[in-house]
file query-v2.txt (compact mmCIF, C-alpha atoms)
# COMPACT_ATOMS: atom_id res chain seq x y z
CA MET A 1 -72.03 -25.32 68.04
CA ARG A 2 -70.66 -21.80 68.01
CA ILE A 3 -67.10 -21.55 66.63
CA ARG A 4 -64.89 -18.50 67.02
CA PHE A 5 -61.77 -18.10 64.90
CA GLY A 6 -58.47 -16.25 65.04
CA TYR A 7 -55.10 -15.96 63.33
CA VAL A 8 -51.43 -15.68 64.22
CA SER A 9 -49.85 -12.25 64.86
CA HIS A 10 -49.26 -10.79 61.36
CA ALA A 11 -52.19 -8.86 59.87
CA LEU A 12 -51.31 -9.23 56.21
CA THR A 13 -54.29 -7.23 54.97
CA LEU A 14 -52.69 -4.16 56.57
CA TRP A 15 -49.71 -2.40 55.04
CA GLU A 16 -46.41 -3.08 56.82
CA ALA A 17 -48.05 -4.40 60.00
CA ARG A 18 -45.41 -6.96 60.96
CA PRO A 19 -45.14 -7.02 64.78
CA ALA A 20 -41.90 -9.01 64.80
CA LYS A 21 -39.15 -6.70 63.60
CA THR A 22 -35.80 -7.94 64.90
CA LEU A 23 -32.41 -6.85 66.17
CA THR A 24 -29.61 -9.41 66.08
CA PHE A 25 -27.14 -9.70 68.91
CA LYS A 26 -24.29 -9.31 66.42
CA ARG A 27 -25.61 -5.96 65.28
CA TYR A 28 -26.37 -4.96 68.86
CA SER A 29 -22.79 -5.80 69.89
CA ASN A 30 -21.35 -3.41 67.34
CA MET A 31 -23.27 -0.42 68.70
CA THR A 32 -22.40 2.12 71.36
CA LYS A 33 -24.25 1.97 74.68
CA GLN A 34 -26.68 4.72 73.68
CA GLU A 35 -27.20 3.27 70.21
CA ARG A 36 -28.14 -0.04 71.82
CA VAL A 37 -30.78 1.56 74.01
CA ASP A 38 -32.14 3.62 71.15
CA LYS A 39 -32.37 0.63 68.82
CA LEU A 40 -34.00 -1.64 71.39
CA HIS A 41 -36.61 1.05 71.99
CA GLU A 42 -37.10 1.76 68.30
CA VAL A 43 -37.77 -1.88 67.37
CA THR A 44 -39.97 -2.56 70.39
CA ARG A 45 -42.02 0.58 69.79
CA ALA A 46 -42.60 -0.41 66.16
CA ASN A 47 -43.67 -3.93 67.14
CA LEU A 48 -46.03 -2.67 69.82
CA TYR A 49 -47.56 -0.24 67.35
CA ASN A 50 -48.10 -2.93 64.74
CA THR A 51 -49.58 -5.23 67.37
CA LYS A 52 -52.04 -2.45 68.18
CA ARG A 53 -52.95 -2.16 64.50
CA ALA A 54 -53.62 -5.90 64.31
CA LEU A 55 -55.81 -5.76 67.41
CA PHE A 56 -57.78 -2.88 65.91
CA LEU A 57 -58.28 -5.04 62.80
CA ASN A 58 -59.59 -7.87 64.95
CA ARG A 59 -62.01 -5.51 66.66
CA ALA A 60 -63.24 -3.95 63.44
CA ALA A 61 -63.54 -7.27 61.56
CA GLU A 62 -65.07 -9.05 64.58
CA ILE A 63 -62.32 -11.67 64.74
CA PRO A 64 -62.35 -12.80 68.39
CA LEU A 65 -59.01 -14.66 68.68
CA TYR A 66 -55.48 -13.35 68.30
CA ARG A 67 -52.03 -14.79 68.95
CA PHE A 68 -49.38 -12.25 69.89
CA SER A 69 -45.96 -12.48 68.29
CA SER A 70 -43.26 -13.82 70.60
CA SER A 71 -40.83 -11.40 68.94
CA ILE A 72 -42.37 -8.11 70.06
CA VAL A 73 -39.34 -7.40 72.25
CA PRO A 74 -35.89 -7.91 70.69
CA LEU A 75 -33.18 -9.71 72.70
CA ALA A 76 -35.42 -9.81 75.77
CA THR A 77 -34.05 -13.12 77.03
CA HIS A 78 -30.47 -12.86 75.77
CA PRO A 79 -28.16 -13.39 78.77
CA GLU A 80 -25.93 -10.47 77.77
CA VAL A 81 -28.72 -8.01 77.10
CA TYR A 82 -31.52 -8.32 79.67
CA TRP A 83 -33.34 -5.02 79.72
CA ASP A 84 -36.46 -3.43 81.14
CA PHE A 85 -38.92 -3.59 78.26
CA VAL A 86 -41.94 -2.77 80.41
CA THR A 87 -41.29 0.57 82.13
CA PRO A 88 -40.43 2.63 79.00
CA PHE A 89 -43.54 1.33 77.25
CA HIS A 90 -45.96 1.13 80.16
CA GLU A 91 -48.68 3.09 78.36
CA GLU A 92 -48.30 1.10 75.13
CA TRP A 93 -48.58 -2.24 76.91
CA GLN A 94 -51.59 -1.03 78.89
CA GLU A 95 -53.28 0.22 75.73
CA LEU A 96 -52.94 -3.21 74.13
CA GLY A 97 -54.61 -4.78 77.14
CA GLU A 98 -57.42 -2.24 77.02
CA ILE A 99 -58.08 -3.01 73.34
CA VAL A 100 -58.16 -6.74 74.09
CA ARG A 101 -60.62 -6.29 76.94
CA ASP A 102 -62.76 -3.77 75.04
CA ALA A 103 -63.05 -6.11 72.05
CA ARG A 104 -63.38 -9.19 74.30
CA LEU A 105 -60.59 -10.93 72.46
CA ARG A 106 -59.07 -14.22 73.48
CA THR A 107 -55.30 -13.92 73.22
CA SER A 108 -52.26 -16.16 73.57
CA PHE A 109 -48.54 -16.61 72.96
CA HIS A 110 -46.68 -19.53 71.41
CA PRO A 111 -42.95 -19.56 72.29
CA GLY A 112 -40.57 -21.06 69.74
CA GLN A 113 -39.15 -24.53 69.31
CA PHE A 114 -36.27 -23.98 71.72
CA THR A 115 -38.53 -23.73 74.76
CA LEU A 116 -38.03 -27.33 75.86
CA PHE A 117 -38.63 -28.93 79.23
CA THR A 118 -37.74 -32.49 78.18
CA SER A 119 -34.06 -31.69 77.65
CA ASP A 120 -31.34 -33.25 79.82
CA LYS A 121 -29.19 -30.11 79.49
CA GLU A 122 -29.37 -27.63 82.34
CA HIS A 123 -28.82 -24.52 80.22
CA VAL A 124 -31.73 -25.51 77.94
CA ILE A 125 -34.06 -25.78 80.92
CA GLU A 126 -32.84 -22.48 82.34
CA ASN A 127 -33.45 -20.77 79.00
CA SER A 128 -36.90 -22.36 78.75
CA VAL A 129 -37.92 -21.12 82.19
CA ARG A 130 -36.59 -17.67 81.30
CA ASP A 131 -38.55 -17.64 78.04
CA MET A 132 -41.81 -18.64 79.71
CA GLU A 133 -41.32 -15.96 82.36
CA PHE A 134 -40.66 -13.41 79.60
CA HIS A 135 -43.96 -14.28 77.90
CA TYR A 136 -45.76 -14.08 81.22
CA ARG A 137 -44.22 -10.63 81.83
CA MET A 138 -45.67 -9.43 78.54
CA LEU A 139 -49.11 -10.69 79.56
CA GLU A 140 -48.65 -8.99 82.92
CA ALA A 141 -47.63 -5.72 81.27
CA MET A 142 -50.93 -5.78 79.37
CA GLY A 143 -52.94 -6.79 82.42
CA LEU A 144 -53.83 -10.08 80.73
CA GLU A 145 -51.94 -12.46 83.03
CA LYS A 146 -55.14 -14.05 84.30
CA GLU A 147 -56.64 -14.69 80.87
CA GLY A 148 -53.88 -15.04 78.28
CA TYR A 149 -52.23 -18.42 77.78
CA ILE A 150 -48.72 -19.48 76.74
CA ASN A 151 -48.72 -22.57 74.55
CA ILE A 152 -45.74 -24.91 74.11
CA HIS A 153 -44.92 -28.33 72.71
CA ILE A 154 -43.71 -31.01 75.08
CA GLY A 155 -40.37 -31.29 73.28
CA GLY A 156 -38.02 -34.02 72.13
CA ALA A 157 -37.78 -37.66 73.16
CA TYR A 158 -33.96 -37.84 73.27
CA GLY A 159 -33.96 -41.58 72.71
CA ASP A 160 -36.20 -42.38 75.69
CA LYS A 161 -39.68 -40.94 75.58
CA SER A 162 -40.70 -42.15 79.05
CA LEU A 163 -37.65 -40.56 80.66
CA ALA A 164 -38.15 -37.36 78.68
CA LEU A 165 -41.74 -37.10 79.88
CA GLU A 166 -40.63 -37.52 83.47
CA ARG A 167 -38.15 -34.67 82.96
CA PHE A 168 -40.96 -32.54 81.53
CA LYS A 169 -43.13 -33.09 84.61
CA LYS A 170 -40.22 -32.23 86.89
CA ASN A 171 -38.78 -29.30 84.97
CA ILE A 172 -41.97 -27.32 84.51
CA GLN A 173 -42.14 -27.13 88.31
CA ARG A 174 -39.14 -24.81 88.18
CA MET A 175 -41.40 -22.08 86.86
CA PRO A 176 -43.42 -19.85 89.21
CA ASP A 177 -46.91 -21.19 89.92
CA GLU A 178 -48.53 -18.25 88.15
CA VAL A 179 -46.67 -19.07 84.93
CA ILE A 180 -47.56 -22.76 85.12
CA GLY A 181 -51.16 -21.72 85.63
CA GLN A 182 -51.19 -19.94 82.26
CA MET A 183 -49.50 -22.59 80.15
CA THR A 184 -51.02 -25.03 77.69
CA ILE A 185 -49.43 -27.93 75.82
CA GLU A 186 -49.89 -29.04 72.23
CA ASN A 187 -49.44 -32.36 70.45
CA ASP A 188 -46.77 -32.22 67.77
CA ASP A 189 -46.35 -33.64 64.28
CA LYS A 190 -43.41 -35.95 64.96
CA THR A 191 -42.92 -37.00 68.57
CA TYR A 192 -45.77 -36.66 71.06
CA THR A 193 -49.21 -37.68 69.83
CA GLY A 194 -52.45 -36.21 71.01
CA GLU A 195 -52.97 -39.20 73.29
CA GLU A 196 -49.54 -38.84 74.91
CA THR A 197 -49.97 -35.10 75.30
CA LEU A 198 -53.35 -35.69 76.92
CA GLU A 199 -51.88 -38.05 79.50
CA ILE A 200 -49.35 -35.42 80.58
CA ALA A 201 -52.02 -32.70 80.61
CA GLU A 202 -54.38 -34.67 82.81
CA HIS A 203 -51.55 -35.54 85.19
CA ALA A 204 -50.37 -31.93 85.51
CA ASP A 205 -53.77 -30.22 85.14
CA ILE A 206 -52.69 -28.31 82.04
CA PRO A 207 -55.12 -27.56 79.17
CA VAL A 208 -54.42 -29.24 75.82
CA MET A 209 -54.22 -27.10 72.70
CA PHE A 210 -55.18 -29.91 70.35
CA ASP A 211 -53.72 -29.56 66.85
CA TYR A 212 -55.71 -31.44 64.21
CA HIS A 213 -53.09 -31.21 61.46
CA HIS A 214 -50.39 -32.50 63.81
CA GLU A 215 -52.61 -35.38 64.84
CA MET A 216 -53.14 -36.39 61.23
CA ALA A 217 -49.35 -36.36 60.74
CA ASN A 218 -48.63 -38.19 64.00
CA LEU A 219 -51.54 -40.44 64.85
CA SER A 220 -52.44 -41.59 68.34
CA SER A 221 -53.06 -45.27 69.00
CA VAL A 222 -56.79 -44.49 69.12
CA SER A 223 -58.81 -42.11 66.95
CA TYR A 224 -58.86 -38.46 67.94
CA GLU A 225 -62.66 -38.60 67.90
CA GLY A 226 -62.50 -40.91 70.91
CA LEU A 227 -60.28 -38.46 72.77
CA LEU A 228 -62.02 -35.16 72.05
CA GLU A 229 -64.16 -35.19 75.17
CA ARG A 230 -61.04 -35.62 77.33
CA PHE A 231 -59.13 -32.96 75.37
CA PHE A 232 -61.92 -30.48 75.89
CA ALA A 233 -62.34 -31.36 79.58
CA THR A 234 -58.81 -30.10 80.27
CA TRP A 235 -60.15 -26.58 79.68
CA ASN A 236 -62.90 -26.85 82.29
CA ARG A 237 -60.97 -25.06 85.05
CA THR A 238 -60.11 -22.07 82.84
CA GLY A 239 -63.56 -20.63 82.20
CA TRP A 240 -62.80 -20.61 78.46
CA PRO A 241 -64.23 -22.85 75.74
CA PRO A 242 -61.82 -25.50 74.46
CA LYS A 243 -59.32 -24.17 71.95
CA VAL A 244 -57.75 -26.00 69.01
CA HIS A 245 -55.42 -25.39 66.08
CA ILE A 246 -56.37 -25.91 62.46
CA SER A 247 -54.11 -25.89 59.42
CA SER A 248 -53.77 -28.11 56.39
CA PRO A 249 -50.81 -29.80 54.67
CA LYS A 250 -48.82 -27.86 52.10
CA SER A 251 -48.72 -31.00 49.92
CA GLU A 252 -48.56 -34.78 50.24
CA LYS A 253 -44.75 -34.63 50.14
CA GLN A 254 -44.66 -31.74 52.60
CA TYR A 255 -47.49 -32.99 54.76
CA ARG A 256 -46.23 -31.49 58.01
CA SER A 257 -45.75 -28.00 56.54
CA HIS A 258 -48.57 -25.47 56.78
CA ALA A 259 -50.28 -24.49 53.56
CA ASP A 260 -50.93 -20.85 52.66
CA PHE A 261 -54.64 -21.34 53.27
CA VAL A 262 -56.79 -23.91 55.09
CA ASP A 263 -58.40 -26.58 52.96
CA LEU A 264 -62.08 -26.79 53.89
CA GLU A 265 -62.33 -30.43 52.85
CA PHE A 266 -59.46 -31.31 55.20
CA ALA A 267 -60.83 -29.35 58.17
CA LEU A 268 -64.55 -30.05 57.92
CA PRO A 269 -64.53 -33.64 59.30
CA PHE A 270 -62.73 -32.38 62.39
CA LEU A 271 -65.23 -29.57 63.00
CA LYS A 272 -68.09 -32.03 62.60
CA ALA A 273 -66.48 -34.34 65.16
CA CYS A 274 -66.09 -31.43 67.60
CA ARG A 275 -69.77 -30.60 67.20
CA GLU A 276 -70.62 -33.95 68.74
CA VAL A 277 -68.92 -33.14 72.05
CA THR A 278 -69.07 -29.36 72.61
CA ASP A 279 -71.39 -26.41 72.04
CA GLU A 280 -68.53 -23.89 71.96
CA LEU A 281 -65.15 -24.07 70.26
CA ASP A 282 -62.34 -21.59 69.66
CA VAL A 283 -60.11 -22.20 66.65
CA MET A 284 -56.70 -20.73 65.88
CA ILE A 285 -55.94 -20.87 62.18
CA GLU A 286 -52.28 -21.54 61.50
CA ALA A 287 -51.72 -20.75 57.84
CA LYS A 288 -49.05 -18.81 55.99
CA GLU A 289 -51.57 -16.22 54.82
CA LYS A 290 -52.62 -15.41 58.39
CA ASP A 291 -55.73 -13.18 58.49
CA ARG A 292 -56.23 -13.60 54.74
CA ALA A 293 -56.45 -17.36 55.24
CA LEU A 294 -58.94 -16.86 58.05
CA MET A 295 -61.27 -14.68 55.98
CA LYS A 296 -61.10 -17.03 52.99
CA PHE A 297 -61.89 -20.00 55.22
CA MET A 298 -64.78 -18.13 56.84
CA ASP A 299 -66.29 -17.38 53.43
CA GLU A 300 -66.02 -21.02 52.38
CA LEU A 301 -67.29 -22.40 55.68
CA ALA A 302 -70.26 -20.02 55.68
CA ALA A 303 -71.26 -21.42 52.28
CA VAL A 304 -71.66 -24.92 53.73
CA ARG A 305 -75.25 -25.94 54.23
CA GLY A 306 -76.27 -25.64 57.87
CA VAL A 307 -73.57 -23.10 58.73
CA LYS A 308 -74.60 -19.57 59.72
CA ARG A 309 -72.08 -16.76 59.90
CA LEU A 310 -72.64 -14.59 62.94
CA ALA A 311 -69.66 -12.21 62.65
CA GLY A 312 -66.41 -11.80 60.77
CA GLY A 313 -64.79 -14.65 62.63
CA VAL A 314 -67.76 -16.46 64.19
CA VAL A 315 -70.12 -19.13 62.86
CA GLU A 316 -72.90 -21.30 64.14
CA PHE A 317 -72.45 -24.83 62.91
call {"tool": "encode", "arguments": {"input": "query-v2.txt", "output": "structure tokens"}}
result
Amino acid sequence: MRIRFGYVSHALTLWEARPAKTLTFKRYSNMTKQERVDKLHEVTRANLYNTKRALFLNRAAEIPLYRFSSSIVPLATHPEVYWDFVTPFHEEWQELGEIVRDARLRTSFHPGQFTLFTSDKEHVIENSVRDMEFHYRMLEAMGLEKEGYINIHIGGAYGDKSLALERFKKNIQRMPDEVIGQMTIENDDKTYTGEETLEIAEHADIPVMFDYHHEMANLSSVSYEGLLERFFATWNRTGWPPKVHISSPKSEKQYRSHADFVDLEFALPFLKACREVTDELDVMIEAKEKDRALMKFMDELAAVRGVKRLAGGVVEF
């Protein structure tokens, strides 16, 4: 099995390469009209530049996966701000897309916890649709709208999981078809198990971004090993290998929290199980130390007997 790895947004091995600088609405509100425009542009330009630096790192280090920050554009979905974040930075967005295509990177977004389609509150659904469309617009600005994916959790149960799932099925239909076509869903560590997420995915024809750590914290009624083939089959229509998330617990008491690095002993059984059902696998490492965690894990994994490192972020297992 060939496994390709990636990390989440912040390239910590680079100096000051955080692509998620912010601007609060409170601060924005206290500015003049021109100051607002200038600050929005200043922060966005800095985040785009640092995203470019991270992508160059991926290309140089041969790390084939990258998750964009959802905070590249400040206040992009705030109802009192809405602004054109594409036109002033057309060349910058296009350059990011060119780097991705040149390096043959697989990229994605992961909106935050408030993007919820199970809610029974209309304003929450409206905000969720708006947020998904915002992420799609960023992909479109880079020319990656046919290949980049936007991953979300199903959401809360609100006291009735069956009813919440029905709302999810209904509410995602409020998004444009092109946005739905680029979304994936992930099992979470408290509410929706891998098995429950899979049932929704198969019903709606949405790929599952299976999270191993979440599954261990929130077990399905059957073992994940028995579901892997179905998880991976949800990716068949995309033309991409199945993609999963790996992290490890911070501690026994803080089991759901991500550790700084990925514990090889924790992750290895999962990778071995995947090897039984697929020849190709893409893995997003979710660890506090970002690219540093990836490189440390690659070094440790490459030292395992039978594992051959093919590139900075690629092994044959």
call {"tool": "closest_residue", "arguments": {"input": "query-v2.txt", "among": "A:Phe68, A:Val73, A:Lys52, A:Pro242", "to": "A:Lys21", "atoms": "all atoms listed in the file"}}
result
A:Val73
call {"tool": "residues_around", "arguments": {"input": "query-v2.txt", "residues": "A:Asp177", "least_positions_apart": "5", "cutoff": "12 Å", "atoms": "all atoms listed in the file", "output": "ChimeraX atom specification"}}
result
/A:129,132-133,136,172,182-183
call {"tool": "closest_atom_pairs", "arguments": {"input": "query-v2.txt", "of": "stretch 186-248 of chain A", "to": "stretch 5-12 of chain A", "cutoff": "12 Å", "atoms": "all atoms listed in the file", "output": "CSV"}}
result
residue,atom,partner,partner_atom,distance
A:Lys243,CA,A:Phe5,CA,9.6
A:Val244,CA,A:Phe5,CA,9.8
A:His245,CA,A:Gly6,CA,9.7
A:Ile246,CA,A:Phe5,CA,9.8
A:Ser247,CA,A:Tyr7,CA,10.7
call {"tool": "residues_around", "arguments": {"input": "query-v2.txt", "residues": "stretch 303-307 of chain A", "least_positions_apart": "3", "cutoff": "7 Å", "atoms": "only C-alpha atoms", "output": "list in words"}}
result
Asp299, Glu300, Val315, Glu316 and Phe317 of chain A
call {"tool": "atom_distance", "arguments": {"input": "query-v2.txt", "atom1": "atom CA of A:Asp291", "atom2": "atom CA of A:Leu96"}}
result
18.8 Å
call {"tool": "atom_distance", "arguments": {"input": "query-v2.txt", "atom1": "atom CA of A:Gly97", "atom2": "atom CA of A:Phe134"}}
result
16.6 Å
call {"tool": "closest_residue", "arguments": {"input": "query-v2.txt", "among": "A:Thr238, A:Arg104, A:Arg18, A:His90", "to": "A:Asn58", "atoms": "all atoms listed in the file"}}
result
A:Arg104
call {"tool": "closest_residue", "arguments": {"input": "query-v2.txt", "among": "A:Asn187, A:Ser108, A:Thr115, A:Ser251", "to": "A:Ser220", "atoms": "only C-alpha atoms"}}
result
A:Asn187
call {"tool": "residues_near_point", "arguments": {"input": "query-v2.txt", "point": "(-38.8, -33.9, 78.0)", "cutoff": "10 Å", "atoms": "all atoms listed in the file", "output": "ChimeraX atom specification"}}
result
/A:116-120,125,153-158,160-172
call {"tool": "atom_distance", "arguments": {"input": "query-v2.txt", "atom1": "atom CA of A:Arg4", "atom2": "atom CA of A:Val283"}}
result
6.1 Å
call {"tool": "closest_residue", "arguments": {"input": "query-v2.txt", "among": "A:Leu301, A:Met284, A:Leu23, A:Ile152", "to": "A:Ile63", "atoms": "only C-alpha atoms"}}
result
A:Met284
call {"tool": "residues_around", "arguments": {"input": "query-v2.txt", "residues": "A:Phe89", "least_positions_apart": "6", "cutoff": "9 Å", "atoms": "all atoms listed in the file", "output": "list in words"}}
result
His41, Thr44, Arg45 and Leu48 of chain A
call {"tool": "residues_around", "arguments": {"input": "query-v2.txt", "residues": "A:Lys250", "least_positions_apart": "5", "cutoff": "12 Å", "atoms": "all atoms listed in the file", "output": "ChimeraX atom specification"}}
result
/A:213,255-263,266,286-288
call {"tool": "write_last_selection", "arguments": {"input": "query-v2.txt", "atoms": "C-alpha atoms", "output": "PDB file, keeping the file's coordinate frame"}}
result
ATOM      1  CA  HIS A 213     -53.090 -31.210  61.460  1.00  0.00           C
ATOM      2  CA  TYR A 255     -47.490 -32.990  54.760  1.00  0.00           C
ATOM      3  CA  ARG A 256     -46.230 -31.490  58.010  1.00  0.00           C
ATOM      4  CA  SER A 257     -45.750 -28.000  56.540  1.00  0.00           C
ATOM      5  CA  HIS A 258     -48.570 -25.470  56.780  1.00  0.00           C
ATOM      6  CA  ALA A 259     -50.280 -24.490  53.560  1.00  0.00           C
ATOM      7  CA  ASP A 260     -50.930 -20.850  52.660  1.00  0.00           C
ATOM      8  CA  PHE A 261     -54.640 -21.340  53.270  1.00  0.00           C
ATOM      9  CA  VAL A 262     -56.790 -23.910  55.090  1.00  0.00           C
ATOM     10  CA  ASP A 263     -58.400 -26.580  52.960  1.00  0.00           C
ATOM     11  CA  PHE A 266     -59.460 -31.310  55.200  1.00  0.00           C
ATOM     12  CA  GLU A 286     -52.280 -21.540  61.500  1.00  0.00           C
ATOM     13  CA  ALA A 287     -51.720 -20.750  57.840  1.00  0.00           C
ATOM     14  CA  LYS A 288     -49.050 -18.810  55.990  1.00  0.00           C
TER      15      LYS A 288
END
call {"tool": "closest_residue", "arguments": {"input": "query-v2.txt", "among": "A:Leu219, A:Ala103, A:Ala267, A:Ala141", "to": "A:Pro249", "atoms": "all atoms listed in the file"}}
result
A:Ala267
call {"tool": "closest_residue", "arguments": {"input": "query-v2.txt", "among": "A:Ser70, A:Thr193, A:Pro19, A:His123", "to": "A:His135", "atoms": "all atoms listed in the file"}}
result
A:Ser70
call {"tool": "residues_near_point", "arguments": {"input": "query-v2.txt", "point": "(-53.1, -6.2, 80.6)", "cutoff": "12 Å", "atoms": "all atoms listed in the file", "output": "ChimeraX atom specification"}}
result
/A:86,90-102,107,136-148
call {"tool": "residues_around", "arguments": {"input": "query-v2.txt", "residues": "A:Asn218", "least_positions_apart": "2", "cutoff": "7 Å", "atoms": "all atoms listed in the file", "output": "list of chain:residue names"}}
result
A:Asp189, A:Lys190, A:Thr193, A:His214, A:Glu215, A:Met216, A:Ser220
call {"tool": "decode", "arguments": {"input": "query-v2.txt", "residues": "stretch 104-112 of chain A", "atoms": "all heavy atoms", "output": "PDB file, in the first residue's frame"}}
result
ATOM      1  N   ARG A 104       1.200  18.847  -7.778  1.00  0.00           N
ATOM      2  CA  ARG A 104       0.238  17.740  -7.723  1.00  0.00           C
ATOM      3  C   ARG A 104      -0.200  17.457  -6.279  1.00  0.00           C
ATOM      4  O   ARG A 104      -0.214  16.307  -5.821  1.00  0.00           O
ATOM      5  CB  ARG A 104       0.830  16.483  -8.367  1.00  0.00           C
ATOM      6  CG  ARG A 104       1.154  16.666  -9.842  1.00  0.00           C
ATOM      7  CD  ARG A 104       1.707  15.405 -10.476  1.00  0.00           C
ATOM      8  NE  ARG A 104       2.006  15.613 -11.886  1.00  0.00           N
ATOM      9  CZ  ARG A 104       2.501  14.675 -12.693  1.00  0.00           C
ATOM     10  NH1 ARG A 104       2.775  13.461 -12.212  1.00  0.00           N
ATOM     11  NH2 ARG A 104       2.745  14.938 -13.963  1.00  0.00           N
ATOM     12  N   LEU A 105      -0.545  18.532  -5.607  1.00  0.00           N
ATOM     13  CA  LEU A 105      -0.979  18.409  -4.222  1.00  0.00           C
ATOM     14  C   LEU A 105      -2.473  18.093  -4.148  1.00  0.00           C
ATOM     15  O   LEU A 105      -3.252  18.510  -5.007  1.00  0.00           O
ATOM     16  CB  LEU A 105      -0.713  19.714  -3.467  1.00  0.00           C
ATOM     17  CG  LEU A 105       0.718  20.249  -3.444  1.00  0.00           C
ATOM     18  CD1 LEU A 105       0.774  21.553  -2.655  1.00  0.00           C
ATOM     19  CD2 LEU A 105       1.661  19.218  -2.829  1.00  0.00           C
ATOM     20  N   ARG A 106      -2.839  17.395  -3.116  1.00  0.00           N
ATOM     21  CA  ARG A 106      -4.249  17.174  -2.814  1.00  0.00           C
ATOM     22  C   ARG A 106      -4.614  18.119  -1.672  1.00  0.00           C
ATOM     23  O   ARG A 106      -4.025  18.061  -0.595  1.00  0.00           O
ATOM     24  CB  ARG A 106      -4.500  15.726  -2.400  1.00  0.00           C
ATOM     25  CG  ARG A 106      -5.978  15.437  -2.111  1.00  0.00           C
ATOM     26  CD  ARG A 106      -6.194  13.963  -1.796  1.00  0.00           C
ATOM     27  NE  ARG A 106      -7.613  13.670  -1.637  1.00  0.00           N
ATOM     28  CZ  ARG A 106      -8.108  12.441  -1.425  1.00  0.00           C
ATOM     29  NH1 ARG A 106      -7.290  11.404  -1.341  1.00  0.00           N
ATOM     30  NH2 ARG A 106      -9.407  12.263  -1.297  1.00  0.00           N
ATOM     31  N   THR A 107      -5.580  18.993  -1.909  1.00  0.00           N
ATOM     32  CA  THR A 107      -5.883  20.031  -0.939  1.00  0.00           C
ATOM     33  C   THR A 107      -7.334  19.956  -0.468  1.00  0.00           C
ATOM     34  O   THR A 107      -8.197  19.356  -1.121  1.00  0.00           O
ATOM     35  CB  THR A 107      -5.616  21.424  -1.525  1.00  0.00           C
ATOM     36  OG1 THR A 107      -6.392  21.585  -2.729  1.00  0.00           O
ATOM     37  CG2 THR A 107      -4.149  21.608  -1.834  1.00  0.00           C
ATOM     38  N   SER A 108      -7.590  20.620   0.662  1.00  0.00           N
ATOM     39  CA  SER A 108      -8.932  20.596   1.245  1.00  0.00           C
ATOM     40  C   SER A 108      -9.117  21.776   2.186  1.00  0.00           C
ATOM     41  O   SER A 108      -8.174  22.500   2.513  1.00  0.00           O
ATOM     42  CB  SER A 108      -9.142  19.285   2.012  1.00  0.00           C
ATOM     43  OG  SER A 108      -8.222  19.183   3.087  1.00  0.00           O
ATOM     44  N   PHE A 109     -10.366  21.945   2.625  1.00  0.00           N
ATOM     45  CA  PHE A 109     -10.729  22.876   3.688  1.00  0.00           C
ATOM     46  C   PHE A 109     -11.493  22.101   4.760  1.00  0.00           C
ATOM     47  O   PHE A 109     -12.077  21.042   4.482  1.00  0.00           O
ATOM     48  CB  PHE A 109     -11.637  23.993   3.158  1.00  0.00           C
ATOM     49  CG  PHE A 109     -10.935  25.105   2.455  1.00  0.00           C
ATOM     50  CD1 PHE A 109     -11.021  25.242   1.065  1.00  0.00           C
ATOM     51  CD2 PHE A 109     -10.216  26.055   3.154  1.00  0.00           C
ATOM     52  CE1 PHE A 109     -10.398  26.286   0.399  1.00  0.00           C
ATOM     53  CE2 PHE A 109      -9.577  27.103   2.506  1.00  0.00           C
ATOM     54  CZ  PHE A 109      -9.671  27.227   1.125  1.00  0.00           C
ATOM     55  N   HIS A 110     -11.519  22.651   5.962  1.00  0.00           N
ATOM     56  CA  HIS A 110     -12.295  22.060   7.047  1.00  0.00           C
ATOM     57  C   HIS A 110     -12.938  23.195   7.848  1.00  0.00           C
ATOM     58  O   HIS A 110     -12.349  23.704   8.808  1.00  0.00           O
ATOM     59  CB  HIS A 110     -11.395  21.217   7.953  1.00  0.00           C
ATOM     60  CG  HIS A 110     -12.133  20.322   8.904  1.00  0.00           C
ATOM     61  ND1 HIS A 110     -13.494  20.382   9.109  1.00  0.00           N
ATOM     62  CD2 HIS A 110     -11.693  19.330   9.725  1.00  0.00           C
ATOM     63  CE1 HIS A 110     -13.853  19.470   9.997  1.00  0.00           C
ATOM     64  NE2 HIS A 110     -12.777  18.825  10.387  1.00  0.00           N
ATOM     65  N   PRO A 111     -14.156  23.633   7.451  1.00  0.00           N
ATOM     66  CA  PRO A 111     -14.837  24.695   8.188  1.00  0.00           C
ATOM     67  C   PRO A 111     -14.970  24.360   9.673  1.00  0.00           C
ATOM     68  O   PRO A 111     -14.904  23.199  10.072  1.00  0.00           O
ATOM     69  CB  PRO A 111     -16.214  24.761   7.516  1.00  0.00           C
ATOM     70  CG  PRO A 111     -15.973  24.233   6.137  1.00  0.00           C
ATOM     71  CD  PRO A 111     -14.923  23.170   6.305  1.00  0.00           C
ATOM     72  N   GLY A 112     -15.200  25.389  10.483  1.00  0.00           N
ATOM     73  CA  GLY A 112     -15.244  25.228  11.927  1.00  0.00           C
ATOM     74  C   GLY A 112     -16.490  24.568  12.462  1.00  0.00           C
ATOM     75  O   GLY A 112     -17.396  24.170  11.717  1.00  0.00           O
TER      76      GLY A 112
END
